[in-house]
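Structure data (mmCIF, C-alpha atoms and all ligand atoms) from final-v3.cif:
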data_input
#
loop_
_atom_site.label_atom_id
_atom_site.label_comp_id
_atom_site.auth_asym_id
_atom_site.auth_seq_id
_atom_site.Cartn_x
_atom_site.Cartn_y
_atom_site.Cartn_z
CA MET K 1 12.04 11.32 21.73
CA ALA K 2 12.63 10.43 18.10
CA TYR K 3 10.63 7.71 16.38
CA VAL K 4 12.96 5.37 14.51
CA ILE K 5 12.03 4.75 10.89
CA SER K 6 13.78 1.91 9.10
CA VAL K 7 14.15 2.77 5.43
CA ILE K 8 14.53 0.28 2.59
CA PRO K 9 15.69 2.26 -0.47
CA GLY K 10 15.06 -0.72 -2.77
CA ASP K 11 15.94 -1.06 -6.45
CA GLY K 12 15.35 0.75 -9.75
CA ILE K 13 13.56 4.03 -9.04
CA GLY K 14 13.41 3.06 -5.33
CA PRO K 15 16.42 5.03 -4.02
CA VAL K 16 15.28 8.17 -5.88
CA ILE K 17 11.70 8.17 -4.67
CA VAL K 18 12.67 7.11 -1.14
CA ARG K 19 15.14 10.02 -0.97
CA SER K 20 12.30 12.30 -2.02
CA ALA K 21 9.97 10.89 0.66
CA ARG K 22 12.68 11.29 3.31
CA LYS K 23 13.18 14.95 2.38
CA VAL K 24 9.46 15.51 2.68
CA LEU K 25 9.33 13.69 6.04
CA GLU K 26 12.26 15.73 7.35
CA ALA K 27 10.45 18.95 6.39
CA VAL K 28 7.11 17.85 7.77
CA SER K 29 8.53 16.63 11.10
CA GLU K 30 10.34 19.91 11.63
CA ALA K 31 7.30 21.97 10.67
CA TYR K 32 4.90 20.02 12.90
CA GLY K 33 7.25 19.51 15.85
CA PHE K 34 8.06 15.82 16.17
CA LYS K 35 11.28 13.90 15.68
CA LEU K 36 12.07 11.08 13.28
CA SER K 37 15.39 9.34 12.97
CA PHE K 38 16.10 7.26 9.90
CA VAL K 39 18.08 4.04 9.78
CA GLU K 40 18.85 2.53 6.41
CA ALA K 41 18.07 -1.19 5.97
CA LEU K 42 19.46 -2.41 2.68
CA ALA K 43 17.35 -5.06 0.96
CA GLY K 44 16.40 -6.24 -2.49
CA ASP K 45 18.31 -7.04 -5.67
CA SER K 46 21.14 -4.62 -4.80
CA ALA K 47 21.56 -6.20 -1.34
CA LYS K 48 21.64 -9.65 -2.93
CA ARG K 49 24.33 -8.42 -5.30
CA ASP K 50 26.39 -6.67 -2.60
CA PHE K 51 25.90 -8.96 0.41
CA GLY K 52 24.79 -12.26 -1.12
CA GLU K 53 21.29 -12.15 0.35
CA PRO K 54 18.24 -10.01 -0.43
CA LEU K 55 17.42 -9.35 3.22
CA PRO K 56 20.61 -9.44 5.30
CA LYS K 57 20.21 -10.17 9.03
CA ASP K 58 21.50 -6.71 9.90
CA SER K 59 18.68 -5.16 7.85
CA LEU K 60 16.05 -7.42 9.38
CA ASP K 61 17.30 -6.49 12.88
CA LYS K 62 17.09 -2.79 12.03
CA ILE K 63 13.54 -3.19 10.72
CA VAL K 64 12.35 -5.24 13.69
CA SER K 65 13.76 -2.77 16.21
CA SER K 66 12.33 0.32 14.46
CA ASP K 67 8.96 1.98 15.12
CA ALA K 68 7.88 1.64 11.48
CA CYS K 69 9.37 0.82 8.11
CA LEU K 70 9.29 2.93 4.96
CA LYS K 71 10.00 0.67 2.03
CA GLY K 72 10.84 1.48 -1.56
CA PRO K 73 10.09 -0.98 -4.39
CA VAL K 74 12.38 -3.96 -4.79
CA GLY K 75 12.90 -5.91 -8.02
CA GLU K 76 13.26 -9.62 -8.66
CA THR K 77 13.74 -10.38 -4.97
CA ALA K 78 10.37 -8.92 -3.89
CA LYS K 79 9.25 -12.33 -2.67
CA ASP K 80 12.31 -12.64 -0.38
CA VAL K 81 11.85 -9.16 0.97
CA VAL K 82 8.30 -7.92 1.17
CA VAL K 83 6.39 -11.20 1.00
CA PHE K 84 8.78 -12.52 3.65
CA LEU K 85 8.41 -9.44 5.89
CA ARG K 86 4.62 -9.49 5.66
CA GLN K 87 4.60 -13.07 6.95
CA LYS K 88 7.49 -12.79 9.41
CA LEU K 89 6.11 -9.64 11.07
CA ASP K 90 2.51 -10.78 10.69
CA LEU K 91 1.50 -7.67 8.77
CA TYR K 92 -1.82 -9.18 7.92
CA ALA K 93 -3.66 -6.17 6.53
CA ASN K 94 -2.65 -4.64 3.24
CA ILE K 95 -4.60 -1.41 2.90
CA ARG K 96 -4.58 0.25 -0.51
CA PRO K 97 -6.61 3.42 -1.08
CA PHE K 98 -7.46 4.57 -4.62
CA LYS K 99 -9.00 7.94 -5.32
CA THR K 100 -9.40 10.11 -8.42
CA LEU K 101 -7.70 13.42 -7.77
CA PRO K 102 -8.11 16.90 -9.22
CA GLY K 103 -5.34 17.58 -11.74
CA VAL K 104 -4.77 13.89 -12.51
CA SER K 105 -6.27 12.76 -15.78
CA SER K 106 -8.45 9.68 -15.61
CA LYS K 107 -11.38 8.34 -17.62
CA TRP K 108 -13.37 8.18 -14.39
CA LYS K 109 -14.22 10.67 -11.70
CA ASP K 110 -15.42 10.47 -8.11
CA VAL K 111 -13.67 7.17 -7.45
CA ASP K 112 -12.85 6.65 -3.78
CA LEU K 113 -12.27 3.04 -2.77
CA VAL K 114 -9.97 1.00 -0.57
CA ILE K 115 -8.76 -2.51 -1.24
CA VAL K 116 -8.31 -4.44 2.00
CA ARG K 117 -6.20 -7.42 1.08
CA GLU K 118 -5.32 -10.36 3.32
CA ASN K 119 -1.55 -10.22 3.34
CA THR K 120 -0.12 -13.40 4.86
CA GLU K 121 -1.81 -16.40 3.24
CA ASP K 122 -3.37 -17.74 0.06
CA LEU K 123 -1.08 -18.78 -2.81
CA TYR K 124 1.47 -16.22 -1.62
CA LYS K 125 2.21 -18.45 1.34
CA CYS K 126 4.42 -20.00 -1.35
CA VAL K 127 3.88 -23.62 -0.35
CA GLU K 128 4.95 -25.10 -3.65
CA ASP K 129 6.23 -28.22 -5.25
CA VAL K 130 7.64 -27.76 -8.69
CA GLY K 131 8.83 -30.78 -10.64
CA GLU K 132 9.76 -31.24 -14.27
CA GLU K 133 6.33 -32.50 -15.25
CA TYR K 134 4.12 -30.70 -12.75
CA ALA K 135 3.80 -27.67 -10.48
CA VAL K 136 1.64 -27.39 -7.38
CA ALA K 137 0.98 -24.33 -5.24
CA LEU K 138 -1.23 -24.56 -2.17
CA MET K 139 -3.86 -21.97 -1.46
CA VAL K 140 -3.75 -21.62 2.30
CA LEU K 141 -6.59 -19.88 4.15
CA THR K 142 -7.23 -19.98 7.89
CA LYS K 143 -10.26 -18.89 9.86
CA LYS K 144 -8.08 -16.69 12.08
CA ALA K 145 -6.58 -14.73 9.16
CA CYS K 146 -9.89 -14.46 7.28
CA THR K 147 -11.64 -13.14 10.37
CA ARG K 148 -9.06 -10.54 11.36
CA ILE K 149 -8.82 -9.09 7.85
CA ALA K 150 -12.62 -8.92 7.65
CA LYS K 151 -12.62 -6.92 10.90
CA VAL K 152 -10.19 -4.42 9.38
CA ALA K 153 -12.45 -4.02 6.33
CA PHE K 154 -15.65 -3.54 8.31
CA GLN K 155 -14.06 -1.13 10.78
CA MET K 156 -12.86 0.91 7.84
CA ALA K 157 -16.24 0.83 6.09
CA GLU K 158 -17.94 2.03 9.24
CA VAL K 159 -16.11 5.35 9.06
CA ARG K 160 -16.36 5.59 5.27
CA ARG K 161 -19.40 5.01 3.03
CA LYS K 162 -20.49 1.90 4.92
CA LYS K 163 -20.19 -0.71 2.20
CA VAL K 164 -18.01 -3.82 1.92
CA THR K 165 -17.69 -5.92 -1.24
CA VAL K 166 -16.40 -9.40 -0.39
CA VAL K 167 -14.48 -10.79 -3.36
CA HIS K 168 -13.78 -14.50 -3.88
CA LYS K 169 -14.18 -17.28 -6.44
CA ILE K 170 -16.44 -19.60 -4.55
CA ASN K 171 -18.14 -20.99 -7.65
CA VAL K 172 -14.91 -22.80 -8.55
CA LEU K 173 -13.01 -23.27 -5.28
CA ARG K 174 -14.81 -24.50 -2.18
CA SER K 175 -11.90 -23.22 -0.10
CA PHE K 176 -13.30 -19.70 -0.41
CA GLU K 177 -16.22 -20.77 1.78
CA LEU K 178 -13.94 -20.17 4.76
CA PHE K 179 -13.20 -16.63 3.66
CA ARG K 180 -16.83 -15.93 2.87
CA THR K 181 -18.15 -17.37 6.13
CA ALA K 182 -15.63 -15.37 8.15
CA ALA K 183 -16.51 -12.14 6.32
CA LEU K 184 -20.27 -12.63 6.70
CA GLY K 185 -19.78 -13.59 10.35
CA VAL K 186 -17.88 -10.39 11.06
CA ALA K 187 -20.49 -8.41 9.09
CA ARG K 188 -23.10 -9.29 11.73
CA SER K 189 -21.27 -7.08 14.22
CA TYR K 190 -21.47 -4.11 11.83
CA PRO K 191 -25.20 -3.74 11.08
CA SER K 192 -24.76 -0.26 9.63
CA VAL K 193 -22.47 -1.61 6.87
CA THR K 194 -23.97 -3.03 3.66
CA VAL K 195 -22.30 -6.23 2.46
CA GLU K 196 -22.23 -7.57 -1.06
CA GLU K 197 -20.38 -10.53 -2.54
CA MET K 198 -18.72 -10.64 -5.93
CA LEU K 199 -16.81 -13.26 -7.88
CA VAL K 200 -13.38 -11.94 -8.72
CA ASP K 201 -13.88 -12.02 -12.50
CA ASN K 202 -17.06 -9.98 -12.20
CA MET K 203 -15.24 -7.68 -9.76
CA ALA K 204 -12.53 -6.99 -12.35
CA TYR K 205 -15.26 -6.15 -14.86
CA GLN K 206 -17.39 -4.00 -12.54
CA LEU K 207 -14.31 -2.13 -11.35
CA VAL K 208 -13.69 -0.90 -14.88
CA LEU K 209 -17.35 -0.19 -15.65
CA ASN K 210 -18.42 1.40 -12.40
CA PRO K 211 -15.56 2.06 -9.99
CA GLN K 212 -17.57 4.75 -8.19
CA LYS K 213 -19.93 2.21 -6.68
CA PHE K 214 -17.26 0.57 -4.55
CA ASP K 215 -16.22 1.63 -1.07
CA VAL K 216 -14.21 -1.11 0.72
CA ILE K 217 -13.19 -4.19 -1.28
CA LEU K 218 -12.27 -7.12 0.96
CA THR K 219 -10.33 -9.90 -0.69
CA THR K 220 -7.62 -12.53 -0.48
CA ASN K 221 -3.94 -12.04 -1.18
CA MET K 222 -3.48 -12.73 -4.89
CA PHE K 223 -6.82 -11.26 -6.01
CA GLY K 224 -6.00 -8.12 -4.01
CA ASP K 225 -2.63 -7.86 -5.71
CA ILE K 226 -4.13 -8.00 -9.18
CA LEU K 227 -7.16 -5.80 -8.52
CA SER K 228 -4.83 -3.15 -7.04
CA ASP K 229 -3.04 -2.55 -10.31
CA GLU K 230 -6.37 -2.32 -12.08
CA ALA K 231 -7.58 0.23 -9.52
CA ALA K 232 -4.33 2.20 -9.91
CA GLY K 233 -4.92 2.42 -13.66
CA ILE K 234 -8.46 3.63 -13.02
CA VAL K 235 -7.36 6.53 -10.82
CA GLY K 236 -4.62 7.62 -13.21
CA SER K 237 -1.19 6.18 -12.42
CA LEU K 238 0.62 3.53 -10.47
CA GLY K 239 2.88 6.43 -9.50
CA LEU K 240 0.12 7.59 -7.14
CA ALA K 241 -0.82 4.25 -5.58
CA TYR K 242 0.34 3.68 -2.03
CA SER K 243 -0.24 1.14 0.69
CA ALA K 244 0.11 0.13 4.31
CA ASN K 245 1.04 -3.34 5.54
CA VAL K 246 -0.04 -3.45 9.15
CA GLY K 247 -0.34 -5.98 11.91
CA ASP K 248 -1.12 -5.59 15.59
CA ASN K 249 2.38 -4.32 16.47
CA PHE K 250 4.15 -3.04 13.39
CA GLY K 251 3.60 -1.21 10.11
CA LEU K 252 5.46 -1.19 6.81
CA PHE K 253 4.53 1.43 4.23
CA GLU K 254 5.30 1.28 0.52
CA PRO K 255 4.12 2.21 -2.96
CA VAL K 256 1.98 -0.33 -4.81
CA HIS K 257 4.19 -0.13 -7.87
CA GLY K 258 7.44 -1.92 -8.65
CA THR K 259 10.86 -0.64 -9.64
CA ALA K 260 9.76 0.85 -12.99
CA PRO K 261 12.83 -0.46 -14.84
CA ASP K 262 11.61 1.12 -18.09
CA ILE K 263 11.91 4.78 -17.02
CA ASP K 264 14.65 7.26 -16.22
CA PRO K 265 14.70 7.27 -12.37
CA SER K 266 15.24 11.01 -12.22
CA TYR K 267 11.73 11.42 -13.69
CA ALA K 268 10.03 8.88 -11.40
CA ASN K 269 6.89 10.01 -9.66
CA PRO K 270 7.65 10.00 -5.92
CA LEU K 271 4.09 10.68 -4.80
CA ALA K 272 3.13 7.07 -4.08
CA GLN K 273 6.17 6.85 -1.81
CA VAL K 274 5.31 10.22 -0.25
CA MET K 275 1.71 9.18 0.32
CA ALA K 276 2.92 5.90 1.83
CA SER K 277 4.85 8.12 4.26
CA LYS K 278 1.65 10.00 4.98
CA MET K 279 -0.03 6.69 5.86
CA MET K 280 2.94 5.92 8.10
CA LEU K 281 2.45 9.22 9.96
CA GLU K 282 -1.25 8.44 10.41
CA TRP K 283 -0.47 4.98 11.74
CA LEU K 284 2.27 6.23 14.08
CA GLY K 285 0.08 9.12 15.20
CA ARG K 286 -2.75 6.73 16.07
CA THR K 287 -0.71 3.97 17.66
CA LYS K 288 1.66 6.26 19.59
CA GLY K 289 -1.02 8.81 20.47
CA ASN K 290 0.86 11.62 18.74
CA ALA K 291 -1.54 14.37 17.60
CA ALA K 292 1.20 16.34 15.80
CA MET K 293 1.80 13.41 13.48
CA LEU K 294 -1.89 13.16 12.65
CA GLU K 295 -1.93 16.89 11.85
CA ALA K 296 1.22 16.49 9.77
CA ALA K 297 -0.38 13.69 7.75
CA LYS K 298 -3.31 15.99 6.96
CA GLY K 299 -0.98 18.82 6.02
CA LEU K 300 1.03 16.54 3.78
CA GLU K 301 -2.03 15.23 1.98
CA GLY K 302 -3.28 18.77 1.46
CA ALA K 303 0.09 19.78 0.02
CA VAL K 304 0.07 16.84 -2.42
CA LEU K 305 -3.45 17.74 -3.57
CA SER K 306 -2.57 21.35 -4.14
CA LEU K 307 0.65 20.40 -5.95
CA LEU K 308 -1.25 18.15 -8.37
CA ARG K 309 -3.46 21.03 -9.48
CA SER K 310 -0.66 22.61 -11.46
CA SER K 311 0.52 20.63 -14.51
CA GLU K 312 4.03 22.12 -14.33
CA ASN K 313 4.61 20.10 -11.14
CA LEU K 314 3.72 16.75 -12.66
CA THR K 315 6.14 13.98 -13.65
CA PRO K 316 5.84 12.35 -17.12
CA ASP K 317 3.60 9.47 -15.94
CA LEU K 318 1.00 12.16 -15.14
CA GLY K 319 1.54 14.01 -18.41
CA GLY K 320 4.06 16.59 -17.13
CA LYS K 321 7.78 17.21 -17.52
CA ALA K 322 8.95 17.70 -13.93
CA THR K 323 11.84 15.72 -12.49
CA THR K 324 11.53 13.90 -9.17
CA GLU K 325 13.78 16.51 -7.60
CA ASN K 326 11.78 19.48 -8.88
CA LEU K 327 8.53 17.93 -7.73
CA THR K 328 10.01 17.24 -4.30
CA LYS K 329 11.30 20.80 -3.86
CA LYS K 330 7.95 22.19 -4.91
CA LEU K 331 6.10 19.88 -2.56
CA VAL K 332 8.25 20.90 0.39
CA ASN K 333 7.60 24.58 -0.43
CA VAL K 334 3.85 24.05 -0.69
CA LEU K 335 3.89 22.11 2.55
CA LEU K 336 5.80 24.73 4.50
CA LYS K 337 3.70 27.54 3.06
CA GLY K 338 0.52 25.67 3.98
CA LYS K 339 1.77 25.14 7.52
CA SER K 340 2.77 28.78 8.01
CA THR K 341 -0.67 30.01 6.91
CA SER K 342 -2.66 27.41 8.88
P1 LIG K 401 8.83 -4.72 -11.24
O1 LIG K 401 9.47 -5.82 -12.01
O2 LIG K 401 9.75 -4.09 -10.28
O3 LIG K 401 7.48 -5.09 -10.63
P2 LIG K 401 7.35 -3.63 -13.46
O4 LIG K 401 7.81 -2.82 -14.64
O5 LIG K 401 6.85 -4.98 -13.69
O6 LIG K 401 8.51 -3.60 -12.34
P3 LIG K 401 6.06 -1.47 -12.15
O7 LIG K 401 7.37 -1.00 -11.67
O8 LIG K 401 4.98 -1.53 -11.16
O9 LIG K 401 6.13 -2.90 -12.78
O10 LIG K 401 5.67 -0.53 -13.36
C1 LIG K 401 4.54 -0.70 -14.21
C2 LIG K 401 4.46 0.53 -15.11
O11 LIG K 401 4.15 1.70 -14.34
C3 LIG K 401 5.80 0.83 -15.80
O12 LIG K 401 5.55 1.31 -17.10
C4 LIG K 401 6.40 1.92 -14.95
O13 LIG K 401 7.27 2.77 -15.63
C5 LIG K 401 5.19 2.67 -14.43
N1 LIG K 401 5.46 3.21 -13.09
C6 LIG K 401 5.43 2.52 -11.94
N2 LIG K 401 5.75 3.31 -10.91
C7 LIG K 401 6.01 4.52 -11.41
C8 LIG K 401 6.43 5.76 -10.83
N3 LIG K 401 6.61 5.91 -9.50
N4 LIG K 401 6.63 6.81 -11.65
C9 LIG K 401 6.42 6.69 -12.96
N5 LIG K 401 6.03 5.56 -13.58
C10 LIG K 401 5.83 4.47 -12.82
#

As a first step, turn the structure in this file into structure tokens.
Amino acid sequence: MAYVISVIPGDGIGPVIVRSARKVLEAVSEAYGFKLSFVEALAGDSAKRDFGEPLPKDSLDKIVSSDACLKGPVGETAKDVVVFLRQKLDLYANIRPFKTLPGVSSKWKDVDLVIVRENTEDLYKCVEDVGEEYAVALMVLTKKACTRIAKVAFQMAEVRRKKVTVVHKINVLRSFELFRTAALGVARSYPSVTVEEMLVDNMAYQLVLNPQKFDVILTTNMFGDILSDEAAGIVGSLGLAYSANVGDNFGLFEPVHGTAPDIDPSYANPLAQVMASKMMLEWLGRTKGNAAMLEAAKGLEGAVLSLLRSSENLTPDLGGKATTENLTKKLVNVLLKGKSTS
């Protein structure tokens, strides 16, 4: 049986890096013995231009009836596509790992942290009233959403370095009490995990000074969005930052970055998209009970790590000269070689 993957190519560099990720997924599924079938779901600025809406019904239907969604970056219409899908499909956990990697230049080393971001509420609920003389946006938090995201963070910390940093801005907004209380309540069920609290401004500062001391960072929607780009800069490039949007029944996997309108797409780094695919394999492997997919995810990660060691494979954002296509071909070779010798 083939698992159906809905694919949103997106805008800007999106179609190029998504094509790369698909090639890698095709190679990995063949090598590890499972089947994927891809169905394209057009969405984003190009869909708005061609069909008059950023997320046509046909695309939404394809996404909803697939086993998982692999999404490229979309441009100006991101709110109508990804923010909408996160809420519509209740993909409440946005999981964003950041790790310094051998071969990737960074001012820091030994960074290994995950941002666990609540993905359905906060200011991104987009409850707004904008007039000529005023603008209001509601920050919406519910106990249910704060509690379930805290559970994700603590479960993750339990199998990592057992530390959760709860990030809020309680000194200014009383509303964060709900988030804090939920997080500390969940923490009681995870006695082996150390909890600390941090105001978001201090968090931004500490993240630059001492990123190594963080393990799991649990925060609300907008803070998580902003801290993610900071963390991506710390580990070397947005081109390496990937994420999962997961709920109880569905997962959507995408790079953290946007459409990179300032670069030549044929030199875009596809590795964030590829690593988002790796997360998708892990999630499918776990939720469908497919061991081959879990093995494939490991093999793919190993291939990416070994590829990064050689500067000739790197795209310009990482200081190299490789094109997206060259990097992809090399990655597939490394992957297949790794599999045949394992
Ligand atoms: P958008 O409006 O779509 O969010 P943006 O330019 O505001 O686009 P990003 O696309 O996230 O934001 O890009 C931020 C910076 O990181 C840009 O200089 C971009 O070229 C670079 N960048 C992002 N992703 C990649 C990538 N995959 N490969 C190379 N450079 C990238």

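Residue nearest Ala296 of chain K within the list K:Met280, K:Leu240, K:Leu123, K:Ala93: K:Met280 [criterion: smallest interatomic distance, all atoms listed in the file].
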
Legend entry - Selection within 6 Å of ligand LIG 401 (chain K) by all atoms listed in the file, output as a PyMOL selection string: chain K and resi 75+238-239+257-263+268-270+317

Inset, instruction - Please determine the residues with any atom at most 12 Å from (2.5, 8.8, 4.5) (coordinates as given in the file, with all atoms listed in the file counting) and report them as JSON, numbers by chain. - result: {"K": [18, 21, 22, 24, 25, 28, 29, 68, 69, 70, 71, 97, 240, 241, 242, 243, 244, 251, 252, 253, 254, 255, 270, 271, 272, 273, 274, 275, 276, 277, 278, 279, 280, 281, 282, 283, 284, 285, 293, 294, 295, 296, 297, 298, 299, 300, 301, 302, 304]}

Legend entry - Residue nearest Lys144 of chain K among K:Thr120, K:Phe51, K:Asp61, K:Trp108 (counting all atoms listed in the file): K:Thr120

Legend entry - Long-range neighbours of segment 80-89 of chain K as a PyMOL selection string, 7 Å cut-off, all atoms listed in the file, 6 positions minimum in chain: chain K and resi 43-44+54-55+119-120

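Comparing the minimum interatomic distances between Phe214 of chain K and each of K:Val111, K:Val152, K:Val246, K:Leu91, counting all atoms listed in the file, we find that K:Val111 sits nearest.
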